[in-house]
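**Q** Structure supplied as target13.tsv; contents: TSV, C-alpha atoms.
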chain	number	residue	atom	x	y	z
A	36	PHE	CA	71.60	112.02	77.31
A	37	CYS	CA	67.96	111.02	77.08
A	38	ASN	CA	65.64	108.06	77.59
A	39	HIS	CA	66.92	104.72	76.18
A	40	CYS	CA	70.57	105.81	76.11
A	41	VAL	CA	73.39	103.27	76.44
A	42	LEU	CA	76.28	104.02	78.79
A	43	GLN	CA	79.71	102.36	78.63
A	44	GLN	CA	80.38	99.54	81.09
A	45	ASN	CA	83.45	99.28	83.31
A	46	LYS	CA	84.74	102.79	82.59
A	47	PRO	CA	84.19	106.17	84.28
A	48	ILE	CA	81.02	107.59	82.67
A	49	HIS	CA	81.36	111.21	81.51
A	50	ILE	CA	78.25	113.38	81.45
A	51	TRP	CA	78.27	117.09	80.66
A	52	GLY	CA	75.99	120.04	80.06
A	53	TRP	CA	75.24	123.70	80.65
A	54	GLY	CA	73.57	125.76	83.35
A	55	PRO	CA	73.59	129.04	85.29
A	56	ALA	CA	76.78	129.98	87.08
A	57	SER	CA	77.01	129.08	90.80
A	58	THR	CA	74.49	126.24	90.41
A	59	ILE	CA	75.43	122.96	92.12
A	60	VAL	CA	74.80	119.87	89.99
A	61	SER	CA	75.18	116.13	90.56
A	62	LEU	CA	74.03	112.76	89.21
A	63	LYS	CA	72.86	109.39	90.48
A	64	LEU	CA	72.45	106.12	88.60
A	65	LEU	CA	69.84	103.84	90.18
A	66	ASP	CA	68.53	100.38	89.42
A	67	GLU	CA	64.79	99.74	88.97
A	68	SER	CA	64.40	99.18	92.70
A	69	GLY	CA	65.94	102.54	93.50
A	70	HIS	CA	69.24	101.14	94.77
A	71	LEU	CA	72.21	103.40	94.11
A	72	LEU	CA	74.67	102.06	91.53
A	73	SER	CA	76.88	105.13	91.10
A	74	ALA	CA	76.90	108.81	92.02
A	75	SER	CA	78.95	111.79	90.92
A	76	PRO	CA	80.53	114.33	93.26
A	77	GLU	CA	78.70	117.64	93.41
A	78	TYR	CA	79.98	120.23	90.95
A	79	THR	CA	79.53	124.00	91.15
A	80	ILE	CA	79.13	125.55	87.71
A	81	SER	CA	81.61	128.35	87.01
A	82	GLU	CA	81.13	131.52	85.01
A	83	LYS	CA	81.65	129.48	81.83
A	84	GLU	CA	78.25	127.89	82.56
A	85	THR	CA	79.42	124.38	81.68
A	86	PHE	CA	79.70	121.30	83.85
A	87	PHE	CA	81.40	117.93	83.51
A	88	LEU	CA	80.39	115.10	85.82
A	89	THR	CA	81.77	111.59	86.19
A	90	LEU	CA	80.04	108.45	87.47
A	91	ARG	CA	82.22	105.62	88.73
A	92	PRO	CA	82.29	102.49	86.52
A	93	VAL	CA	79.39	100.04	86.63
A	94	SER	CA	78.82	96.61	85.10
A	95	ALA	CA	76.56	95.88	82.13
A	96	GLY	CA	72.85	95.70	82.79
A	97	GLY	CA	69.64	97.68	82.96
A	98	PRO	CA	67.23	99.18	82.58
A	99	PHE	CA	68.45	101.81	85.01
A	100	VAL	CA	67.45	105.37	85.89
A	101	LEU	CA	69.71	108.42	85.68
A	102	GLN	CA	68.73	111.23	88.07
A	103	PHE	CA	70.00	114.79	87.67
A	104	PHE	CA	70.11	117.10	90.71
A	105	VAL	CA	70.34	120.89	90.86
A	106	ASN	CA	71.16	122.38	94.26
A	107	GLN	CA	70.53	118.89	95.73
A	108	MET	CA	66.98	118.74	94.34
A	109	PRO	CA	66.00	116.21	91.64
A	110	VAL	CA	65.04	118.10	88.46
A	111	GLN	CA	65.27	115.53	85.66
A	112	GLU	CA	65.07	111.77	85.29
A	113	ILE	CA	66.27	109.72	82.32
A	114	SER	CA	64.72	106.26	82.15
A	115	ASP	CA	65.39	102.94	80.42
A	116	VAL	CA	69.14	103.51	80.59
A	117	MET	CA	71.23	100.49	79.62
A	118	VAL	CA	74.90	99.85	80.37
A	119	GLY	CA	76.99	97.86	77.90
A	120	GLU	CA	79.38	98.58	75.04
A	121	VAL	CA	79.24	101.92	73.19
A	122	PHE	CA	80.91	102.60	69.83
A	123	LEU	CA	81.01	105.61	67.53
A	124	ALA	CA	80.47	104.78	63.83
A	125	GLY	CA	82.31	107.40	61.76
A	126	GLY	CA	83.41	108.05	58.20
A	127	GLN	CA	81.71	108.48	54.86
A	128	SER	CA	79.17	106.72	52.65
A	129	ASN	CA	79.93	103.08	53.42
A	130	MET	CA	79.32	103.81	57.09
A	131	GLU	CA	76.36	106.11	56.35
A	132	PHE	CA	74.66	103.36	54.25
A	133	MET	CA	71.42	102.65	56.09
A	134	VAL	CA	70.09	99.36	57.46
A	135	LYS	CA	66.96	99.69	55.32
A	136	GLN	CA	69.10	99.94	52.17
A	137	ASP	CA	70.76	96.58	52.80
A	138	ALA	CA	70.03	93.79	50.33
A	139	ASP	CA	69.28	91.47	53.27
A	140	TYR	CA	67.05	94.00	55.06
A	141	ALA	CA	64.00	91.74	55.23
A	142	SER	CA	65.95	88.92	56.86
A	143	LEU	CA	67.37	91.23	59.55
A	144	LYS	CA	63.97	91.74	61.19
A	145	PRO	CA	63.13	91.48	63.97
A	146	PHE	CA	66.15	93.54	64.91
A	147	SER	CA	68.24	92.59	67.90
A	148	SER	CA	66.65	93.93	71.08
A	149	GLU	CA	70.12	94.51	72.55
A	150	ILE	CA	71.05	97.28	70.08
A	151	ARG	CA	70.25	100.99	70.26
A	152	MET	CA	71.35	103.73	67.85
A	153	PHE	CA	71.87	107.47	68.15
A	154	GLN	CA	72.15	109.59	64.98
A	155	VAL	CA	74.23	112.74	65.28
A	156	PRO	CA	72.40	115.31	63.07
A	157	ARG	CA	74.22	116.03	59.81
A	158	ILE	CA	74.75	119.77	60.20
A	159	ALA	CA	77.04	121.63	57.81
A	160	PHE	CA	77.35	124.90	59.75
A	161	PHE	CA	76.01	126.65	62.82
A	162	ASP	CA	72.91	128.80	62.47
A	163	ASP	CA	69.76	129.61	64.47
A	164	SER	CA	68.34	126.14	63.82
A	165	TYR	CA	71.22	124.27	65.50
A	166	GLU	CA	69.77	124.06	69.02
A	167	GLU	CA	66.31	123.17	67.70
A	168	ILE	CA	67.74	120.31	65.63
A	169	GLN	CA	69.77	119.03	68.58
A	170	SER	CA	66.70	119.06	70.82
A	171	HIS	CA	65.07	116.38	68.65
A	172	THR	CA	67.96	113.91	68.81
A	173	HIS	CA	67.20	110.59	70.49
A	174	TRP	CA	68.29	107.00	70.98
A	175	SER	CA	66.37	104.73	68.61
A	176	LEU	CA	65.11	101.35	69.80
A	177	PRO	CA	64.79	98.40	67.42
A	178	SER	CA	61.00	98.90	67.52
A	179	ASP	CA	61.22	102.56	66.43
A	180	ALA	CA	60.35	103.58	62.88
A	181	ASP	CA	63.70	105.31	62.34
A	182	PHE	CA	65.92	102.54	63.75
A	183	ASP	CA	66.56	101.20	60.24
A	184	GLU	CA	67.95	104.58	59.18
A	185	GLY	CA	71.07	103.86	61.21
A	186	SER	CA	74.31	102.53	59.75
A	187	ALA	CA	74.06	98.99	58.31
A	188	VAL	CA	77.76	98.32	58.93
A	189	ALA	CA	77.35	99.46	62.54
A	190	TYR	CA	74.27	97.28	63.00
A	191	TYR	CA	76.07	94.12	61.83
A	192	PHE	CA	79.00	95.03	64.06
A	193	ALA	CA	76.74	95.61	67.07
A	194	ASP	CA	74.73	92.45	66.45
A	195	LYS	CA	77.88	90.32	66.40
A	196	LEU	CA	79.30	92.04	69.46
A	197	SER	CA	76.13	91.81	71.56
A	198	GLY	CA	75.78	88.13	70.64
A	199	GLU	CA	79.32	87.32	71.70
A	200	LEU	CA	79.36	89.41	74.88
A	201	ASN	CA	75.67	89.14	75.82
A	202	VAL	CA	75.46	92.84	76.70
A	203	PRO	CA	73.56	95.83	75.26
A	204	VAL	CA	75.40	97.74	72.51
A	205	GLY	CA	74.93	101.43	71.74
A	206	ILE	CA	76.00	102.94	68.43
A	207	ILE	CA	76.56	106.67	67.96
A	208	CYS	CA	76.29	107.26	64.19
A	209	CYS	CA	78.45	110.24	63.22
A	210	ASN	CA	79.14	110.06	59.48
A	211	TRP	CA	78.53	111.82	56.16
A	212	GLY	CA	78.96	110.37	52.66
A	213	GLY	CA	81.67	111.82	50.45
A	214	THR	CA	83.46	113.70	53.21
A	215	SER	CA	87.21	114.16	53.44
A	216	ALA	CA	88.92	112.90	56.59
A	217	SER	CA	90.03	116.51	57.08
A	218	ALA	CA	86.42	117.52	57.80
A	219	TRP	CA	86.46	115.38	60.95
A	220	GLN	CA	89.72	116.70	62.41
A	221	ASP	CA	90.14	119.66	64.72
A	222	GLN	CA	92.17	122.56	63.38
A	223	GLU	CA	95.08	122.11	65.79
A	224	THR	CA	95.58	118.51	64.65
A	225	LEU	CA	95.15	119.31	60.97
A	226	VAL	CA	97.73	122.11	60.87
A	227	SER	CA	100.25	120.28	63.08
A	228	SER	CA	101.20	117.79	60.35
A	229	PRO	CA	103.05	118.72	57.13
A	230	GLU	CA	101.01	116.05	55.34
A	231	THR	CA	97.68	117.72	56.17
A	232	LEU	CA	98.57	121.40	56.57
A	233	SER	CA	97.76	122.05	52.90
A	234	TYR	CA	94.10	121.14	53.49
A	235	TRP	CA	93.76	124.07	55.86
A	236	GLU	CA	95.93	126.51	53.90
A	237	GLU	CA	94.05	125.97	50.64
A	238	TYR	CA	90.68	126.26	52.36
A	239	LYS	CA	91.67	129.38	54.32
A	240	ALA	CA	92.97	131.13	51.21
A	241	TYR	CA	89.67	130.51	49.41
A	242	ALA	CA	87.54	131.39	52.46
A	243	ASP	CA	89.39	134.70	52.90
A	244	SER	CA	89.02	135.61	49.23
A	245	LYS	CA	85.32	136.44	49.56
A	246	SER	CA	82.89	137.90	52.06
A	247	LEU	CA	80.45	135.69	53.96
A	248	GLU	CA	77.66	137.12	51.84
A	249	GLU	CA	79.46	136.10	48.66
A	250	HIS	CA	80.11	132.61	50.01
A	251	TRP	CA	76.43	132.29	50.95
A	252	LYS	CA	75.35	133.29	47.45
A	253	ASP	CA	77.79	130.80	45.92
A	254	ARG	CA	76.33	128.07	48.12
A	255	GLU	CA	72.75	129.00	47.24
A	256	ASP	CA	73.55	129.07	43.53
A	257	TYR	CA	75.18	125.65	43.73
A	258	LEU	CA	72.25	124.11	45.62
A	259	ALA	CA	69.80	125.57	43.09
A	260	TYR	CA	71.83	124.04	40.26
A	261	GLN	CA	71.94	120.65	41.99
A	262	GLU	CA	68.18	120.72	42.51
A	263	THR	CA	67.66	120.63	38.75
A	264	TRP	CA	70.78	118.64	37.80
A	265	GLN	CA	70.23	115.67	40.11
A	266	PRO	CA	66.80	114.72	38.66
A	267	ARG	CA	68.29	114.89	35.16
A	268	ILE	CA	71.18	112.59	36.03
A	269	ASP	CA	68.81	110.21	37.81
A	270	ALA	CA	66.50	110.15	34.80
A	271	PHE	CA	69.40	109.37	32.48
A	272	TYR	CA	70.56	106.36	34.48
A	273	ALA	CA	66.99	105.14	34.95
A	274	GLU	CA	66.68	104.95	31.15
A	275	HIS	CA	70.31	104.01	30.44
A	276	PRO	CA	71.58	101.93	33.39
A	277	ASN	CA	74.75	101.02	31.49
A	278	GLY	CA	75.38	104.50	30.16
A	279	THR	CA	78.82	106.06	30.48
A	280	TRP	CA	79.62	109.06	32.66
A	281	GLU	CA	80.40	111.10	29.57
A	282	GLU	CA	76.97	110.27	28.09
A	283	ALA	CA	75.32	111.18	31.38
A	284	LEU	CA	77.02	114.57	31.47
A	285	ALA	CA	76.09	115.25	27.85
A	286	PHE	CA	72.47	114.64	28.84
A	287	ALA	CA	72.33	116.30	32.27
A	288	GLY	CA	74.99	118.99	32.05
A	289	GLU	CA	78.16	119.72	34.01
A	290	CYS	CA	78.66	117.98	37.36
A	291	ARG	CA	79.50	120.73	39.88
A	292	TRP	CA	79.68	118.48	42.93
A	293	PRO	CA	80.82	119.09	45.61
A	294	GLY	CA	80.42	122.80	44.89
A	295	PRO	CA	82.45	125.69	46.30
A	296	VAL	CA	83.99	124.55	49.59
A	297	GLY	CA	83.52	127.73	51.58
A	298	PRO	CA	82.49	128.45	55.21
A	299	PHE	CA	79.01	126.96	54.68
A	300	HIS	CA	80.09	123.71	53.04
A	301	GLU	CA	79.92	120.40	54.91
A	302	PHE	CA	83.20	119.21	53.36
A	303	ARG	CA	85.36	122.12	54.54
A	304	PRO	CA	88.36	121.16	56.71
A	305	CYS	CA	87.50	120.90	60.42
A	306	GLY	CA	83.85	121.73	59.71
A	307	LEU	CA	82.15	118.50	60.80
A	308	TYR	CA	84.47	118.19	63.76
A	309	GLU	CA	82.92	121.44	65.03
A	310	THR	CA	79.27	120.85	64.05
A	311	MET	CA	78.96	117.08	64.69
A	312	LEU	CA	81.88	115.23	66.25
A	313	LYS	CA	82.73	117.74	68.98
A	314	ALA	CA	79.20	117.49	70.35
A	315	VAL	CA	79.67	113.82	71.27
A	316	THR	CA	83.42	113.32	71.76
A	317	PRO	CA	83.35	113.48	75.59
A	318	TYR	CA	80.91	110.50	75.59
A	319	THR	CA	82.51	107.45	77.19
A	320	LEU	CA	83.14	104.83	74.48
A	321	ALA	CA	84.56	101.34	74.11
A	322	GLY	CA	85.96	102.45	70.76
A	323	ILE	CA	85.39	103.70	67.23
A	324	ILE	CA	84.60	101.95	63.97
A	325	TYR	CA	85.52	104.07	60.98
A	326	TYR	CA	85.36	103.96	57.21
A	327	GLN	CA	87.26	106.42	55.01
A	328	GLY	CA	87.60	105.74	51.33
A	329	GLU	CA	87.59	107.41	47.99
A	330	SER	CA	87.76	111.10	48.98
A	331	ASP	CA	91.26	110.82	50.45
Step by step, read the file and then write its structure as structure tokens.
**A**
Amino acid sequence: FCNHCVLQQNKPIHIWGWGPASTIVSLKLLDESGHLLSASPEYTISEKETFFLTLRPVSAGGPFVLQFFVNQMPVQEISDVMVGEVFLAGGQSNMEFMVKQDADYASLKPFSSEIRMFQVPRIAFFDDSYEEIQSHTHWSLPSDADFDEGSAVAYYFADKLSGELNVPVGIICCNWGGTSASAWQDQETLVSSPETLSYWEEYKAYADSKSLEEHWKDREDYLAYQETWQPRIDAFYAEHPNGTWEEALAFAGECRWPGPVGPFHEFRPCGLYETMLKAVTPYTLAGIIYYQGESD
């Protein structure tokens, strides 16, 4: 929730956060003239130090202002808020593929002014840098330098949708190339099905077979190997674009991708649900567009 965000039209708008226990928090959504569009009931934060507020549904439009109150005093204001359709763009590489990588990139500009994109940081595991990385997240406008780093598939989808509905469209990009669908599921869901239980059992057996220190060393060793292997494989295909995979491996050495799938690996079951998807799942959406392909 920051400047330029897009909120979902015609549905209750969920907004959440953290604060000291016993603090009273509330929200107001105002138009540019200061007229009240929607307000949340006051909420007293419990000992868990989390809050969850809901604004009543509003129609598409903007720009609006979102005001946040603590103990009935305004403490923060989010500006240039639009209301329209919001979709999450999930999956692996075909969804991750960036606008600027598209063959028709030049013809796409200027980008549609009705589209805004939010990139969920690709974080493999929690460490001390997590909060710092999250603090730099933002909604990208079509005029921003990083707008074209959003999903190309999502952009085409949003452009078609905004043109047909004549409303702003927000895209939350939450994807990672090469990932298994199991990485995006919560543990309870994954283990509840006989068809997917093996993902968790195999991972857990391997994770429990070593200490965290050993897993960290395995991860570091793999990354060091990839740092030298990837330039070799790239050099081979630059010189031999029609070369076979066997010829490439003979030149560059063994392919160890994706490496040991331990507690620090982005592809581990339930991992990206915890580090990426869970952070945005309470956001009010119109729906999800999803691509899942060759991994499983």
**Q** Let me make sure I understand: among A:Glu281, A:Glu262, A:Asp115, A:Glu248, which one has the smallest atom-to-atom distance to Trp174 in chain A if we use only C-alpha atoms?
**A**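 Nearest to Trp174 in chain A: A:Asp115.
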**Q** Quick one: pull the distance between CA of Pro293 in chain A and CA of Asp331 in chain A, Å, one decimal.
**A**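 Those two atoms sit 14.2 Å apart.
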**Q** Padding 6 Å on each side, edges along x, y and z: where is the centre of the box around the listed atoms of range 315-326 of chain A, and how long are its edges in Å to one decimal? Output it as AutoDock Vina command-line options.
**A**
--center_x 82.8 --center_y 107.6 --center_z 67.2 --size_x 18.3 --size_y 24.5 --size_z 32.0
**Q** Grab the CA of Val204 in chain A to CA of Glu120 in chain A distance for me, in Å with one decimal place.
**A** 4.8 Å
**Q** Just to confirm, what's the straight-line distance from CA of Ile50 in chain A to CA of Tyr325 in chain A in Å (one decimal)?
**A** 23.6 Å
**Q** Which residue gives the smallest distance to Pro109 in chain A among A:Val296, A:Val60, A:Ala287, A:Leu320, with only C-alpha atoms counted?
**A**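 Of all the options, A:Val60 lies closest to Pro109 in chain A.
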**Q** Which residues are close to range 152-159 of chain A, i.e. within 10 Å by all atoms listed in the file, leaving aside same-chain residues fewer than 3 positions away? Reply as a count of residues only.
**A** 50
**Q** So that I can check the surroundings of range 265-272 of chain A, please list as a list of chain:residue names every protein, DNA and RNA residue that reaches within 12 Å of it, counting all atoms listed in the file and ignoring chain neighbours fewer than 4 positions away.
**A**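 Once the adjacent positions are removed, what remains is A:Tyr257, A:Leu258, A:Ala259, A:Tyr260, A:Gln261, A:Pro276, A:Asn277, A:Gly278, A:Thr279, A:Trp280, A:Glu281, A:Glu282, A:Ala283, A:Leu284, A:Ala285, A:Phe286, A:Ala287, A:Gly288, A:Glu289, A:Cys290, A:Arg291, A:Trp292.
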**Q** Counting only C-alpha atoms, figure out which residue out of A:Lys83, A:Phe192, A:Val110, A:Met117 gets nearest to Leu64 in chain A.
**A** A:Met117
**Q** Which polymer residues have any atom within 12 Å of an atom of Ala74 in chain A, counting only C-alpha atoms, with same-chain residues fewer than 3 positions away left out, as a list in words?
**A**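 What passes the distance filter is Pro47, Ile48, His49, Ile50, Val60, Ser61, Leu62, Lys63, Leu64, Leu65, His70, Leu71, Glu77, Tyr78, Leu88, Thr89, Leu90, Arg91, Pro92, Val93, Val100, Leu101, Gln102, Phe103 and Phe104 of chain A.
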**Q** Would you mind listing what lies within 10 Å of Gln222 in chain A as number ranges by chain, with only C-alpha atoms counted and same-chain residues fewer than 3 positions away left out?
**A** A: 217-219, 225-227, 232, 235, 304-306, 308-309
**Q** Go ahead and write the selection's residues with C-alpha atoms as a compact mmCIF listing (two decimals), in the coordinates of the input.
**A**
# COMPACT_ATOMS: atom_id res chain seq x y z
CA SER A 217 90.03 116.51 57.08
CA ALA A 218 86.42 117.52 57.80
CA TRP A 219 86.46 115.38 60.95
CA LEU A 225 95.15 119.31 60.97
CA VAL A 226 97.73 122.11 60.87
CA SER A 227 100.25 120.28 63.08
CA LEU A 232 98.57 121.40 56.57
CA TRP A 235 93.76 124.07 55.86
CA PRO A 304 88.36 121.16 56.71
CA CYS A 305 87.50 120.90 60.42
CA GLY A 306 83.85 121.73 59.71
CA TYR A 308 84.47 118.19 63.76
CA GLU A 309 82.92 121.44 65.03
**Q** Between A:Ser170, A:Gln127, A:Asn38, A:Asn201, which one has atoms that come closest to Ser148 in chain A, using all atoms listed in the file?
**A**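 Among the listed residues, A:Asn201 lies closest to Ser148 in chain A.
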**Q** Give me the residues within 9 Å of Ala95 in chain A as an NGL selection string, counting all atoms listed in the file and dropping any in the same chain fewer than 2 places off.
**A** :A and (42-45 or 93 or 97 or 117-120 or 202-203)
**Q** Kindly indicate which residue among A:Glu199, A:Ala56, A:Ala141, A:Asp221 lies nearest to Lys313 in chain A, using only C-alpha atoms for the distances.
**A** A:Asp221
